[in-house]
>>> print(open('data-v1.cif').read())   # mmCIF, C-alpha atoms
data_entry
loop_
_atom_site.label_atom_id
_atom_site.label_comp_id
_atom_site.auth_asym_id
_atom_site.auth_seq_id
_atom_site.Cartn_x
_atom_site.Cartn_y
_atom_site.Cartn_z
CA MET O 4 18.94 34.42 -209.70
CA LYS O 5 20.75 34.08 -213.05
CA VAL O 6 23.64 31.62 -212.80
CA SER O 7 26.20 31.05 -215.54
CA LEU O 8 27.80 27.60 -215.70
CA PHE O 9 31.56 27.22 -215.96
CA ILE O 10 31.41 23.57 -216.85
CA THR O 11 35.20 22.76 -217.12
CA CYS O 12 37.01 20.71 -219.78
CA VAL O 13 36.86 17.36 -217.95
CA VAL O 14 33.11 17.54 -217.30
CA ASP O 15 32.34 18.82 -220.79
CA SER O 16 34.45 16.15 -222.52
CA VAL O 17 34.19 13.09 -220.29
CA PHE O 18 31.52 13.47 -217.59
CA PRO O 19 28.59 15.46 -219.05
CA ASN O 20 26.19 13.89 -216.53
CA VAL O 21 27.85 15.98 -213.82
CA GLY O 22 26.94 19.16 -215.70
CA ILE O 23 23.38 17.95 -216.28
CA ALA O 24 22.96 17.06 -212.60
CA MET O 25 24.32 20.42 -211.46
CA THR O 26 22.00 22.24 -213.87
CA ARG O 27 18.92 20.35 -212.65
CA ILE O 28 19.76 21.05 -209.00
CA LEU O 29 20.34 24.77 -209.61
CA GLN O 30 17.02 24.94 -211.48
CA LYS O 31 15.31 23.12 -208.60
CA CYS O 32 16.70 25.83 -206.32
CA GLY O 33 15.03 28.50 -208.46
CA CYS O 34 18.04 29.59 -210.52
CA THR O 35 17.92 30.50 -214.19
CA VAL O 36 20.88 28.62 -215.66
CA ILE O 37 22.91 30.05 -218.54
CA PHE O 38 25.70 28.35 -220.49
CA PRO O 39 27.98 30.77 -222.36
CA PRO O 40 29.20 28.69 -225.34
CA GLU O 41 32.35 30.78 -225.77
CA GLN O 42 33.93 29.35 -222.61
CA THR O 43 37.09 27.25 -222.82
CA CYS O 44 39.65 25.73 -220.45
CA CYS O 45 40.64 27.96 -217.51
CA GLY O 46 44.29 27.51 -218.51
CA GLN O 47 45.39 25.77 -215.31
CA PRO O 48 47.41 22.96 -217.01
CA SER O 49 49.48 25.41 -219.06
CA PHE O 50 49.82 27.85 -216.12
CA ASN O 51 51.12 25.09 -213.84
CA SER O 52 53.57 24.07 -216.58
CA GLY O 53 55.03 27.56 -216.86
CA TYR O 54 53.39 28.63 -220.15
CA THR O 55 52.30 32.04 -218.91
CA GLU O 56 51.57 33.76 -222.22
CA GLU O 57 49.59 30.79 -223.55
CA SER O 58 47.61 30.72 -220.28
CA LYS O 59 46.77 34.41 -220.70
CA ALA O 60 45.34 33.75 -224.15
CA VAL O 61 43.11 30.97 -222.80
CA GLY O 62 42.16 32.92 -219.70
CA LYS O 63 41.23 35.99 -221.72
CA THR O 64 38.65 33.91 -223.57
CA LEU O 65 37.11 32.90 -220.25
CA LEU O 66 37.09 36.49 -218.98
CA GLU O 67 35.16 37.56 -222.08
CA ALA O 68 32.75 34.59 -221.90
CA PHE O 69 31.67 35.53 -218.36
CA ASP O 70 32.03 39.29 -218.61
CA ASP O 71 28.26 39.85 -218.39
CA ALA O 72 27.51 37.05 -215.91
CA ASP O 73 25.98 37.87 -212.53
CA VAL O 74 27.24 34.69 -210.84
CA VAL O 75 29.43 31.84 -212.15
CA VAL O 76 29.19 28.31 -210.70
CA SER O 77 31.45 25.34 -211.48
CA PRO O 78 31.59 21.65 -210.48
CA SER O 79 35.35 21.92 -209.82
CA GLY O 80 37.16 23.42 -206.86
CA SER O 81 40.39 23.10 -208.79
CA CYS O 82 39.28 25.24 -211.76
CA VAL O 83 37.53 27.74 -209.48
CA GLY O 84 40.75 27.95 -207.48
CA MET O 85 42.62 28.85 -210.67
CA ILE O 86 40.24 31.73 -211.34
CA LYS O 87 40.02 33.06 -207.79
CA HIS O 88 43.67 32.76 -206.80
CA TYR O 89 45.79 32.81 -209.95
CA TYR O 90 43.92 34.92 -212.52
CA PRO O 91 44.72 38.16 -210.63
CA GLU O 92 48.40 37.14 -210.74
CA LEU O 93 48.21 36.02 -214.38
CA PHE O 94 46.77 39.35 -215.57
CA SER O 95 48.66 41.62 -213.17
CA GLY O 96 50.45 43.42 -216.02
CA ASP O 97 47.29 44.63 -217.76
CA ASP O 98 45.03 47.04 -215.85
CA VAL O 99 41.91 46.27 -217.90
CA LEU O 100 42.26 42.48 -217.83
CA HIS O 101 43.37 42.51 -214.19
CA ASP O 102 40.16 44.34 -213.27
CA LYS O 103 38.12 41.81 -215.24
CA ALA O 104 40.00 38.97 -213.51
CA LEU O 105 39.16 40.38 -210.07
CA GLN O 106 35.51 40.77 -211.07
CA LEU O 107 35.35 37.17 -212.29
CA ALA O 108 37.12 35.90 -209.16
CA ASN O 109 34.64 37.68 -206.90
CA LYS O 110 31.55 36.22 -208.60
CA THR O 111 32.75 32.63 -209.14
CA TYR O 112 31.84 29.76 -206.78
CA GLU O 113 32.40 26.03 -206.49
CA PHE O 114 29.07 24.13 -206.63
CA SER O 115 28.68 23.11 -202.94
CA GLN O 116 30.02 26.49 -201.82
CA PHE O 117 27.33 28.24 -203.87
CA LEU O 118 24.48 26.02 -202.62
CA VAL O 119 25.36 26.29 -198.92
CA ASN O 120 26.89 29.76 -198.58
CA VAL O 121 25.00 31.74 -201.22
CA LEU O 122 21.64 30.03 -201.67
CA ASP O 123 21.57 28.85 -198.02
CA VAL O 124 20.47 25.38 -199.16
CA GLU O 125 21.59 22.23 -197.33
CA ASP O 126 18.61 19.87 -197.53
CA LEU O 127 17.47 19.06 -201.07
CA GLY O 128 15.11 16.34 -199.88
CA ALA O 129 17.31 13.65 -201.41
CA HIS O 130 17.00 9.94 -200.54
CA PHE O 131 20.11 7.81 -201.09
CA PRO O 132 20.15 4.50 -199.16
CA HIS O 133 23.80 3.59 -199.73
CA LYS O 134 27.10 3.49 -197.85
CA VAL O 135 29.12 6.53 -198.98
CA THR O 136 32.59 7.90 -198.25
CA PHE O 137 33.88 11.37 -199.17
CA HIS O 138 37.20 12.45 -200.70
CA PRO O 139 37.96 16.19 -200.21
CA SER O 140 40.03 17.41 -203.16
CA CYS O 141 43.18 19.40 -202.37
CA HIS O 142 42.33 22.54 -204.34
CA GLY O 143 38.73 22.63 -203.14
CA SER O 144 39.53 22.18 -199.46
CA ARG O 145 42.94 23.86 -199.16
CA LEU O 146 42.94 26.53 -201.86
CA LEU O 147 39.25 27.52 -201.65
CA GLY O 148 38.59 26.52 -198.05
CA VAL O 149 35.55 24.47 -199.07
CA LYS O 150 35.57 21.85 -196.29
CA GLU O 151 32.23 21.69 -194.48
CA GLU O 152 29.92 22.59 -197.37
CA PRO O 153 29.91 19.15 -199.11
CA LEU O 154 29.45 17.40 -195.75
CA LYS O 155 26.54 19.67 -194.81
CA LEU O 156 24.79 18.62 -198.03
CA LEU O 157 25.61 14.92 -197.58
CA ASN O 158 24.50 14.87 -193.94
CA GLN O 159 21.01 16.07 -194.91
CA ILE O 160 20.40 13.15 -197.30
CA HIS O 161 17.83 10.71 -196.02
CA ASP O 162 18.99 7.12 -195.28
CA ILE O 163 22.57 7.70 -196.43
CA GLU O 164 25.30 5.91 -194.44
CA LEU O 165 28.26 8.30 -194.49
CA VAL O 166 31.56 6.72 -193.39
CA GLU O 167 34.83 8.55 -192.85
CA LEU O 168 37.63 7.94 -195.36
CA PRO O 169 40.94 7.21 -193.58
CA TYR O 170 43.56 9.89 -194.31
CA ALA O 171 40.89 11.66 -196.33
CA ARG O 172 42.87 14.88 -196.76
CA ASP O 173 45.84 13.11 -198.34
CA CYS O 174 46.20 13.94 -202.06
CA CYS O 175 45.07 11.24 -204.51
CA GLY O 176 48.11 11.91 -206.72
CA PHE O 177 46.26 13.41 -209.69
CA GLY O 178 47.28 17.06 -209.57
CA GLY O 179 46.67 17.59 -213.29
CA THR O 180 50.06 17.63 -214.96
CA PHE O 181 51.68 16.17 -211.82
CA SER O 182 50.21 12.76 -212.68
CA VAL O 183 51.85 13.00 -216.12
CA LYS O 184 55.24 14.36 -215.10
CA MET O 185 55.65 12.31 -211.91
CA GLY O 186 53.87 9.13 -212.90
CA ASP O 187 55.53 6.76 -210.42
CA ILE O 188 54.90 8.98 -207.40
CA SER O 189 51.38 9.77 -208.57
CA GLY O 190 50.63 6.07 -209.03
CA ALA O 191 51.84 5.25 -205.52
CA MET O 192 49.63 8.00 -204.07
CA ALA O 193 46.61 6.75 -206.02
CA ASP O 194 47.27 3.19 -204.79
CA GLU O 195 47.29 4.40 -201.20
CA LYS O 196 44.06 6.37 -201.69
CA ALA O 197 42.36 3.37 -203.33
CA THR O 198 43.43 1.16 -200.43
CA HIS O 199 41.80 3.51 -197.93
CA VAL O 200 38.61 3.66 -200.02
CA ARG O 201 38.43 -0.14 -199.99
CA GLU O 202 38.93 -0.16 -196.20
CA THR O 203 35.67 1.78 -195.77
CA LYS O 204 33.72 -0.91 -197.68
CA ALA O 205 31.64 1.97 -199.08
CA ASP O 206 29.41 1.45 -202.12
CA ILE O 207 30.11 4.98 -203.34
CA LEU O 208 33.10 7.35 -203.33
CA VAL O 209 31.85 10.91 -203.69
CA GLY O 210 33.85 14.09 -204.33
CA THR O 211 33.71 17.56 -205.84
CA ASP O 212 36.41 17.34 -208.53
CA MET O 213 36.16 14.91 -211.43
CA GLY O 214 39.93 14.95 -211.99
CA CYS O 215 40.49 13.35 -208.58
CA LEU O 216 37.54 11.00 -208.98
CA MET O 217 38.70 9.91 -212.43
CA ASN O 218 42.14 9.15 -211.01
CA ILE O 219 40.90 7.23 -207.96
CA GLY O 220 38.14 5.50 -209.93
CA GLY O 221 40.63 4.27 -212.50
CA ARG O 222 42.84 2.82 -209.79
CA LEU O 223 39.88 1.15 -208.06
CA SER O 224 38.79 -0.38 -211.36
CA ARG O 225 42.26 -1.78 -212.09
CA VAL O 226 42.36 -3.64 -208.78
CA GLY O 227 38.86 -5.02 -209.33
CA THR O 228 37.01 -2.91 -206.77
CA GLN O 229 33.42 -2.18 -207.74
CA THR O 230 33.07 1.03 -205.69
CA ARG O 231 31.06 3.51 -207.73
CA VAL O 232 32.58 6.98 -208.12
CA MET O 233 30.23 10.00 -208.22
CA HIS O 234 30.46 13.77 -208.19
CA LEU O 235 28.47 15.36 -205.37
CA ALA O 236 26.03 16.87 -207.90
CA GLU O 237 25.35 13.44 -209.42
CA LEU O 238 24.72 11.87 -206.01
CA LEU O 239 22.40 14.69 -204.92
CA TYR O 240 20.44 14.60 -208.18
CA GLU O 241 20.09 10.81 -208.09
CA GLY O 242 18.93 11.18 -204.47
CA ILE O 243 16.33 13.77 -205.49
CA GLN O 244 15.05 11.42 -208.21
CA ASN O 245 14.91 8.56 -205.66
CA ALA O 246 12.83 10.72 -203.31
CA GLU O 247 10.45 11.70 -206.10
CA GLU O 248 9.90 8.01 -206.96
CA VAL O 249 9.27 7.14 -203.29
CA ASN O 250 6.75 9.97 -202.94
CA ALA O 251 5.02 9.40 -206.31
#
>>> encode(input="data-v1.cif", output="structure tokens")
Amino acid sequence: MKVSLFITCVVDSVFPNVGIAMTRILQKCGCTVIFPPEQTCCGQPSFNSGYTEESKAVGKTLLEAFDDADVVVSPSGSCVGMIKHYYPELFSGDDVLHDKALQLANKTYEFSQFLVNVLDVEDLGAHFPHKVTFHPSCHGSRLLGVKEEPLKLLNQIHDIELVELPYARDCCGFGGTFSVKMGDISGAMADEKATHVRETKADILVGTDMGCLMNIGGRLSRVGTQTRVMHLAELLYEGIQNAEEVNA
């Protein structure tokens, strides 16, 4: 299967290892991975701030970049949520672009959603002997309905100790532009999330959106907590490498 990567701004600019890990896992699953270089931001920050026309210009670039793609996969439930739920609304006044938006929405998947629901893969043979807790991002779990898929993948990892995060479904306070516009409220929410992460005494906090993980990880770092923050793709890929070393 040919899979086109929608890598997102945050991963491309700040966390390239997430994109590399996702690519290696998709290749391990037999996919031919393609990266259209024309892709840009999905336009979510400007859309959420009310800049509709500017968001259309950005979104049109993304529609053209993935026009010929069979399947599009992204390491962000938030950005996939923008495409699947808001692109049809954004381009509703243009029949041609609206049709392209619907086509893109129908062939775009969040990473864990694609592995579990499309490729029917849950066990990657990974070995990860650490205590791990999971933060479900708001857009991934509520907007996309991706709730069980990450846990199905984590529960198949050998020797992992998965512990429940208290009040896991509470927002971390990032919310893209929300964290900028409502800094005090956002900071209080991040403090609360970091407190619950510390309560688990987990070595690793794993999630499926780097925006959330960047926010929580920054707060954990400021209070001197050494909990490592990882995207699900990074954890799975490191677990696959661990298993290969054990079996070498």
>>> resolve_selection(input="data-v1.cif", expression="the PyMOL selection byres ((chain O and resi 162) around 8)", output="ChimeraX atom specification")
/O:130-133,160-161,163-164
>>> closest_residue(input="data-v1.cif", among="O:Thr136, O:Thr64, O:Asn51, O:Ser182", to="Val166 of chain O", atoms="all atoms listed in the file")
O:Thr136
>>> residues_around(input="data-v1.cif", residues="segment 236-250 of chain O", least_positions_apart="4", cutoff="10 Å", atoms="only C-alpha atoms", output="ChimeraX atom specification")
/O:20-29,31,78,114-115,126-132,135,153,156-157,160-161,163,207-211,232
>>> write_last_selection(input="data-v1.cif", atoms="C-alpha atoms", output="PDB file, in the frame of the given file")
ATOM      1  CA  ASN O  20      26.190  13.890-216.530  1.00  0.00           C
ATOM      2  CA  VAL O  21      27.850  15.980-213.820  1.00  0.00           C
ATOM      3  CA  GLY O  22      26.940  19.160-215.700  1.00  0.00           C
ATOM      4  CA  ILE O  23      23.380  17.950-216.280  1.00  0.00           C
ATOM      5  CA  ALA O  24      22.960  17.060-212.600  1.00  0.00           C
ATOM      6  CA  MET O  25      24.320  20.420-211.460  1.00  0.00           C
ATOM      7  CA  THR O  26      22.000  22.240-213.870  1.00  0.00           C
ATOM      8  CA  ARG O  27      18.920  20.350-212.650  1.00  0.00           C
ATOM      9  CA  ILE O  28      19.760  21.050-209.000  1.00  0.00           C
ATOM     10  CA  LEU O  29      20.340  24.770-209.610  1.00  0.00           C
ATOM     11  CA  LYS O  31      15.310  23.120-208.600  1.00  0.00           C
ATOM     12  CA  PRO O  78      31.590  21.650-210.480  1.00  0.00           C
ATOM     13  CA  PHE O 114      29.070  24.130-206.630  1.00  0.00           C
ATOM     14  CA  SER O 115      28.680  23.110-202.940  1.00  0.00           C
ATOM     15  CA  ASP O 126      18.610  19.870-197.530  1.00  0.00           C
ATOM     16  CA  LEU O 127      17.470  19.060-201.070  1.00  0.00           C
ATOM     17  CA  GLY O 128      15.110  16.340-199.880  1.00  0.00           C
ATOM     18  CA  ALA O 129      17.310  13.650-201.410  1.00  0.00           C
ATOM     19  CA  HIS O 130      17.000   9.940-200.540  1.00  0.00           C
ATOM     20  CA  PHE O 131      20.110   7.810-201.090  1.00  0.00           C
ATOM     21  CA  PRO O 132      20.150   4.500-199.160  1.00  0.00           C
ATOM     22  CA  VAL O 135      29.120   6.530-198.980  1.00  0.00           C
ATOM     23  CA  PRO O 153      29.910  19.150-199.110  1.00  0.00           C
ATOM     24  CA  LEU O 156      24.790  18.620-198.030  1.00  0.00           C
ATOM     25  CA  LEU O 157      25.610  14.920-197.580  1.00  0.00           C
ATOM     26  CA  ILE O 160      20.400  13.150-197.300  1.00  0.00           C
ATOM     27  CA  HIS O 161      17.830  10.710-196.020  1.00  0.00           C
ATOM     28  CA  ILE O 163      22.570   7.700-196.430  1.00  0.00           C
ATOM     29  CA  ILE O 207      30.110   4.980-203.340  1.00  0.00           C
ATOM     30  CA  LEU O 208      33.100   7.350-203.330  1.00  0.00           C
ATOM     31  CA  VAL O 209      31.850  10.910-203.690  1.00  0.00           C
ATOM     32  CA  GLY O 210      33.850  14.090-204.330  1.00  0.00           C
ATOM     33  CA  THR O 211      33.710  17.560-205.840  1.00  0.00           C
ATOM     34  CA  VAL O 232      32.580   6.980-208.120  1.00  0.00           C
TER      35      VAL O 232
END
>>> atom_distance(input="data-v1.cif", atom1="atom CA of Cys82 of chain O", atom2="atom CA of Gln229 of chain O")
28.3 Å
>>> atom_distance(input="data-v1.cif", atom1="atom CA of Ser81 of chain O", atom2="atom CA of Gly227 of chain O")
28.2 Å
>>> resolve_selection(input="data-v1.cif", expression="the PyMOL selection byres ((chain O and resi 73) around 9)", output="VMD selection string")
chain O and resid 4 to 7 69 to 72 74 to 75 110
>>> closest_residue(input="data-v1.cif", among="O:Cys34, O:Ser58, O:Ser49, O:Phe18", to="Thr180 of chain O", atoms="all atoms listed in the file")
O:Ser49
>>> residues_around(input="data-v1.cif", residues="Val226 of chain O", least_positions_apart="3", cutoff="10 Å", atoms="all atoms listed in the file", output="list in words")
Asp194, Ala197, Thr198, Gly221, Arg222, Leu223 and Gln229 of chain O
>>> resolve_selection(input="data-v1.cif", expression="the PyMOL selection byres ((chain O and resi 122) around 10)", output="PDB file with C-alpha atoms, keeping the file's coordinate frame")
ATOM      1  CA  MET O   4      18.940  34.420-209.700  1.00  0.00           C
ATOM      2  CA  LEU O  29      20.340  24.770-209.610  1.00  0.00           C
ATOM      3  CA  CYS O  32      16.700  25.830-206.320  1.00  0.00           C
ATOM      4  CA  GLY O  33      15.030  28.500-208.460  1.00  0.00           C
ATOM      5  CA  CYS O  34      18.040  29.590-210.520  1.00  0.00           C
ATOM      6  CA  SER O 115      28.680  23.110-202.940  1.00  0.00           C
ATOM      7  CA  GLN O 116      30.020  26.490-201.820  1.00  0.00           C
ATOM      8  CA  PHE O 117      27.330  28.240-203.870  1.00  0.00           C
ATOM      9  CA  LEU O 118      24.480  26.020-202.620  1.00  0.00           C
ATOM     10  CA  VAL O 119      25.360  26.290-198.920  1.00  0.00           C
ATOM     11  CA  ASN O 120      26.890  29.760-198.580  1.00  0.00           C
ATOM     12  CA  VAL O 121      25.000  31.740-201.220  1.00  0.00           C
ATOM     13  CA  ASP O 123      21.570  28.850-198.020  1.00  0.00           C
ATOM     14  CA  VAL O 124      20.470  25.380-199.160  1.00  0.00           C
ATOM     15  CA  GLU O 125      21.590  22.230-197.330  1.00  0.00           C
TER      16      GLU O 125
END
>>> atom_distance(input="data-v1.cif", atom1="atom CA of Leu235 of chain O", atom2="atom CA of Cys175 of chain O")
17.1 Å
>>> build_atoms(input="data-v1.cif", residues="segment 79-90 of chain O", atoms="all heavy atoms", output="compact mmCIF listing (two decimals), in the frame of the given file")
# COMPACT_ATOMS: atom_id res chain seq x y z
N SER O 79 33.94 22.23 -210.07
CA SER O 79 35.35 21.92 -209.82
C SER O 79 36.00 22.96 -208.92
O SER O 79 36.16 24.12 -209.32
CB SER O 79 36.11 21.86 -211.16
OG SER O 79 37.51 21.82 -210.91
N GLY O 80 36.42 22.53 -207.74
CA GLY O 80 37.16 23.42 -206.86
C GLY O 80 38.51 23.77 -207.43
O GLY O 80 39.03 24.87 -207.21
N SER O 81 39.08 22.86 -208.20
CA SER O 81 40.39 23.10 -208.79
C SER O 81 40.35 24.24 -209.81
O SER O 81 41.16 25.16 -209.76
CB SER O 81 40.90 21.82 -209.46
OG SER O 81 42.16 22.02 -210.02
N CYS O 82 39.38 24.20 -210.73
CA CYS O 82 39.28 25.24 -211.76
C CYS O 82 38.83 26.57 -211.15
O CYS O 82 39.31 27.62 -211.57
CB CYS O 82 38.31 24.79 -212.85
SG CYS O 82 38.84 23.28 -213.69
N VAL O 83 37.93 26.51 -210.16
CA VAL O 83 37.53 27.74 -209.48
C VAL O 83 38.72 28.34 -208.73
O VAL O 83 38.92 29.55 -208.70
CB VAL O 83 36.36 27.48 -208.50
CG1 VAL O 83 36.09 28.71 -207.63
CG2 VAL O 83 35.10 27.11 -209.28
N GLY O 84 39.54 27.48 -208.16
CA GLY O 84 40.75 27.95 -207.48
C GLY O 84 41.69 28.67 -208.42
O GLY O 84 42.32 29.67 -208.06
N MET O 85 41.79 28.17 -209.66
CA MET O 85 42.62 28.85 -210.67
C MET O 85 42.12 30.26 -210.91
O MET O 85 42.91 31.23 -210.95
CB MET O 85 42.58 28.03 -211.98
CG MET O 85 43.29 28.68 -213.16
SD MET O 85 45.08 28.78 -212.90
CE MET O 85 45.55 29.85 -214.26
N ILE O 86 40.82 30.41 -211.06
CA ILE O 86 40.24 31.73 -211.34
C ILE O 86 40.39 32.66 -210.14
O ILE O 86 40.81 33.81 -210.28
CB ILE O 86 38.75 31.58 -211.72
CG1 ILE O 86 38.62 30.90 -213.08
CG2 ILE O 86 38.06 32.94 -211.74
CD1 ILE O 86 37.20 30.54 -213.45
N LYS O 87 40.05 32.18 -208.96
CA LYS O 87 40.02 33.06 -207.79
C LYS O 87 41.42 33.43 -207.29
O LYS O 87 41.63 34.53 -206.78
CB LYS O 87 39.21 32.39 -206.66
CG LYS O 87 37.74 32.25 -207.01
CD LYS O 87 36.94 31.66 -205.87
CE LYS O 87 36.56 32.69 -204.85
NZ LYS O 87 35.55 33.64 -205.32
N HIS O 88 42.36 32.51 -207.40
CA HIS O 88 43.67 32.76 -206.80
C HIS O 88 44.77 33.10 -207.79
O HIS O 88 45.73 33.78 -207.43
CB HIS O 88 44.09 31.54 -205.96
CG HIS O 88 43.31 31.41 -204.71
ND1 HIS O 88 43.72 31.96 -203.51
CD2 HIS O 88 42.12 30.82 -204.47
CE1 HIS O 88 42.82 31.70 -202.58
NE2 HIS O 88 41.84 31.01 -203.13
N TYR O 89 44.67 32.61 -209.04
CA TYR O 89 45.79 32.81 -209.95
C TYR O 89 45.49 33.75 -211.12
O TYR O 89 46.42 34.25 -211.75
CB TYR O 89 46.28 31.45 -210.47
CG TYR O 89 46.81 30.58 -209.36
CD1 TYR O 89 46.23 29.34 -209.07
CD2 TYR O 89 47.87 31.00 -208.56
CE1 TYR O 89 46.70 28.55 -208.03
CE2 TYR O 89 48.34 30.22 -207.52
CZ TYR O 89 47.75 29.00 -207.25
OH TYR O 89 48.21 28.24 -206.22
N TYR O 90 44.20 33.97 -211.44
CA TYR O 90 43.92 34.92 -212.52
C TYR O 90 44.41 36.34 -212.17
O TYR O 90 44.97 37.01 -213.04
CB TYR O 90 42.42 34.93 -212.83
CG TYR O 90 42.03 33.98 -213.94
CD1 TYR O 90 42.77 32.83 -214.19
CD2 TYR O 90 40.92 34.23 -214.73
CE1 TYR O 90 42.41 31.95 -215.19
CE2 TYR O 90 40.55 33.36 -215.76
CZ TYR O 90 41.29 32.22 -215.98
OH TYR O 90 40.94 31.36 -216.98
